[in-house]
Amino acid sequence: MAQQRDEIDSLVGELHNLRQREGLRSKDLDARAVPELRKRCDADDLVGDEFRERLGQFISEVIVELPASERDVVKYILNMGSVDKPPLPTKRMNDLADDLKVDPRTVRRKTEALFGKMADIILAGTWARDGDGHHGSGWYVELLDVVLRLDVEPMQSIERRTIVATRDGLEEVVNSVDLVPRKADPLSGQGVPRTEVTFGAVAGPDDTISGVNLQSRIMLPRRLAMGERHTYGVVITSTPTAPHYVCIPLRRFNRFRLTVRFDQRHLPSTIWALDGVTSRQIDLRQPSDVLLAPDRAGEVARSFDGLRRGVAYGIQWLSMTSEAG
């Protein structure tokens, strides 16, 4: 508890450092004044305008969690947005007090409270760049809810995703999943997975397959504003690939919920949960301490919160026949 308090105090101090001079629009923005923020937005190798852009996008993602009125206060104090605010932080605070019709001391107290909230959000969240190298790319996953049906042929992954826009004007996202069977033939189409959008969006151009990864562009029905939530659904059909289903976040994931429905005629001998494990642990196929038992419908389920980047969450199993040798 004391360690978390120290981390919060450190982040609050760096946010105060960030509001000095011209804030995020300072031409001489010093990364050394915000080492923890720099680390958390994966900007250790960036300088100058690239660092400023990455840090600004990171702060934009953090404040999405705040009410709109509080987001506006943070934007003004840190000098975010397309229009320059007054160069001196005291002047920005006083102008904001005039706009809100409150005493400047009230704005200072509000600022302290908002920075504390932001520190809590940063510590609770998972912040990471996507595979394209852009931090966040304008959205994160609030909830991924998957029902994996192994009782039908071909198998189906029924997904319901709730996303949150972290910038204005978001109009498309990318679904990425490793479901491509090793024996799939892209030329003939045999064994190649198929993605169908079931509601809340429109399928983009043809899916892209790279190795075992399937990427599908999803076109949203309208442009989303910063902080706006949207839910859409897809169904992916495929032949079975491996005795597990996992989510390995490359962006922020708040929650992942997975239900696996097995064929009751061929139930696995052992089923277990994977909670933040490495790919190596998956390959070893050693049951974890969290064993799962199918119910009368042949189903097991597990939920995961606050997922961390680069590790796996999901369910794995051993079949009675294929693992015997």
# chains A, B, ... in the order shown; residues from 1 in each chain; ligands from 1
>>> select_by_dssp(residues="segment 20-182 of chain A", states="alpha helix (DSSP H)", output="ChimeraX atom specification")
/A:35-40,48-63,68-77,89-100,104-124
>>> closest_residue(among="A:Leu24, A:Ile158, A:Leu123, A:Val107", to="Ser10 of chain A", atoms="only C-alpha atoms")
A:Leu123
>>> closest_atom_pairs(of="segment 48-116 of chain A", to="segment 28-40 of chain A", cutoff="8 Å", atoms="only C-alpha atoms", output="CSV")
residue,atom,partner,partner_atom,distance
A:Gly48,CA,A:Leu29,CA,7.5
A:Phe51,CA,A:Ala31,CA,7.9
A:Arg52,CA,A:Leu29,CA,7.4
A:Leu55,CA,A:Arg38,CA,7.1
>>> residues_around(residues="Asn254 of chain A", least_positions_apart="2", cutoff="7 Å", atoms="only C-alpha atoms", output="mmCIF file with N, CA and C atoms, in the first residue's frame")
data_model
loop_
_atom_site.group_PDB
_atom_site.id
_atom_site.type_symbol
_atom_site.label_atom_id
_atom_site.label_comp_id
_atom_site.auth_asym_id
_atom_site.auth_seq_id
_atom_site.Cartn_x
_atom_site.Cartn_y
_atom_site.Cartn_z
ATOM 1 N N VAL A 141 -9.672 -1.526 -25.779
ATOM 2 C CA VAL A 141 -10.746 -2.501 -25.585
ATOM 3 C C VAL A 141 -11.207 -2.454 -24.137
ATOM 4 N N GLU A 142 -12.456 -2.076 -23.948
ATOM 5 C CA GLU A 142 -13.022 -2.097 -22.608
ATOM 6 C C GLU A 142 -13.440 -3.515 -22.225
ATOM 7 N N LEU A 143 -14.032 -4.246 -23.174
ATOM 8 C CA LEU A 143 -14.448 -5.625 -22.915
ATOM 9 C C LEU A 143 -14.370 -6.445 -24.193
ATOM 10 N N ARG A 252 -4.263 -1.682 -24.836
ATOM 11 C CA ARG A 252 -4.921 -1.715 -23.535
ATOM 12 C C ARG A 252 -6.188 -2.565 -23.600
ATOM 13 N N ASP A 305 -9.365 -9.303 -15.590
ATOM 14 C CA ASP A 305 -9.435 -7.848 -15.537
ATOM 15 C C ASP A 305 -8.031 -7.242 -15.552
ATOM 16 N N GLY A 306 -7.925 -6.013 -16.087
ATOM 17 C CA GLY A 306 -6.658 -5.290 -16.079
ATOM 18 C C GLY A 306 -5.529 -6.058 -16.725
ATOM 19 N N LEU A 307 -5.736 -6.526 -17.944
ATOM 20 C CA LEU A 307 -4.757 -7.364 -18.623
ATOM 21 C C LEU A 307 -3.462 -6.597 -18.878
#
>>> decode(residues="segment 260-271 of chain A", atoms="C-alpha atoms", output="mmCIF file, in the first residue's frame")
data_model
loop_
_atom_site.group_PDB
_atom_site.id
_atom_site.type_symbol
_atom_site.label_atom_id
_atom_site.label_comp_id
_atom_site.auth_asym_id
_atom_site.auth_seq_id
_atom_site.Cartn_x
_atom_site.Cartn_y
_atom_site.Cartn_z
ATOM 1 C CA VAL A 260 -15.452 -22.469 -24.138
ATOM 2 C CA ARG A 261 -18.205 -24.878 -25.182
ATOM 3 C CA PHE A 262 -16.785 -28.374 -25.730
ATOM 4 C CA ASP A 263 -18.349 -31.258 -27.611
ATOM 5 C CA GLN A 264 -19.841 -33.306 -24.775
ATOM 6 C CA ARG A 265 -18.937 -36.507 -26.610
ATOM 7 C CA HIS A 266 -15.236 -35.601 -26.478
ATOM 8 C CA LEU A 267 -14.574 -33.697 -23.277
ATOM 9 C CA PRO A 268 -10.921 -32.951 -22.377
ATOM 10 C CA SER A 269 -9.276 -34.854 -19.571
ATOM 11 C CA THR A 270 -7.974 -31.661 -17.942
ATOM 12 C CA ILE A 271 -8.907 -27.987 -18.346
#
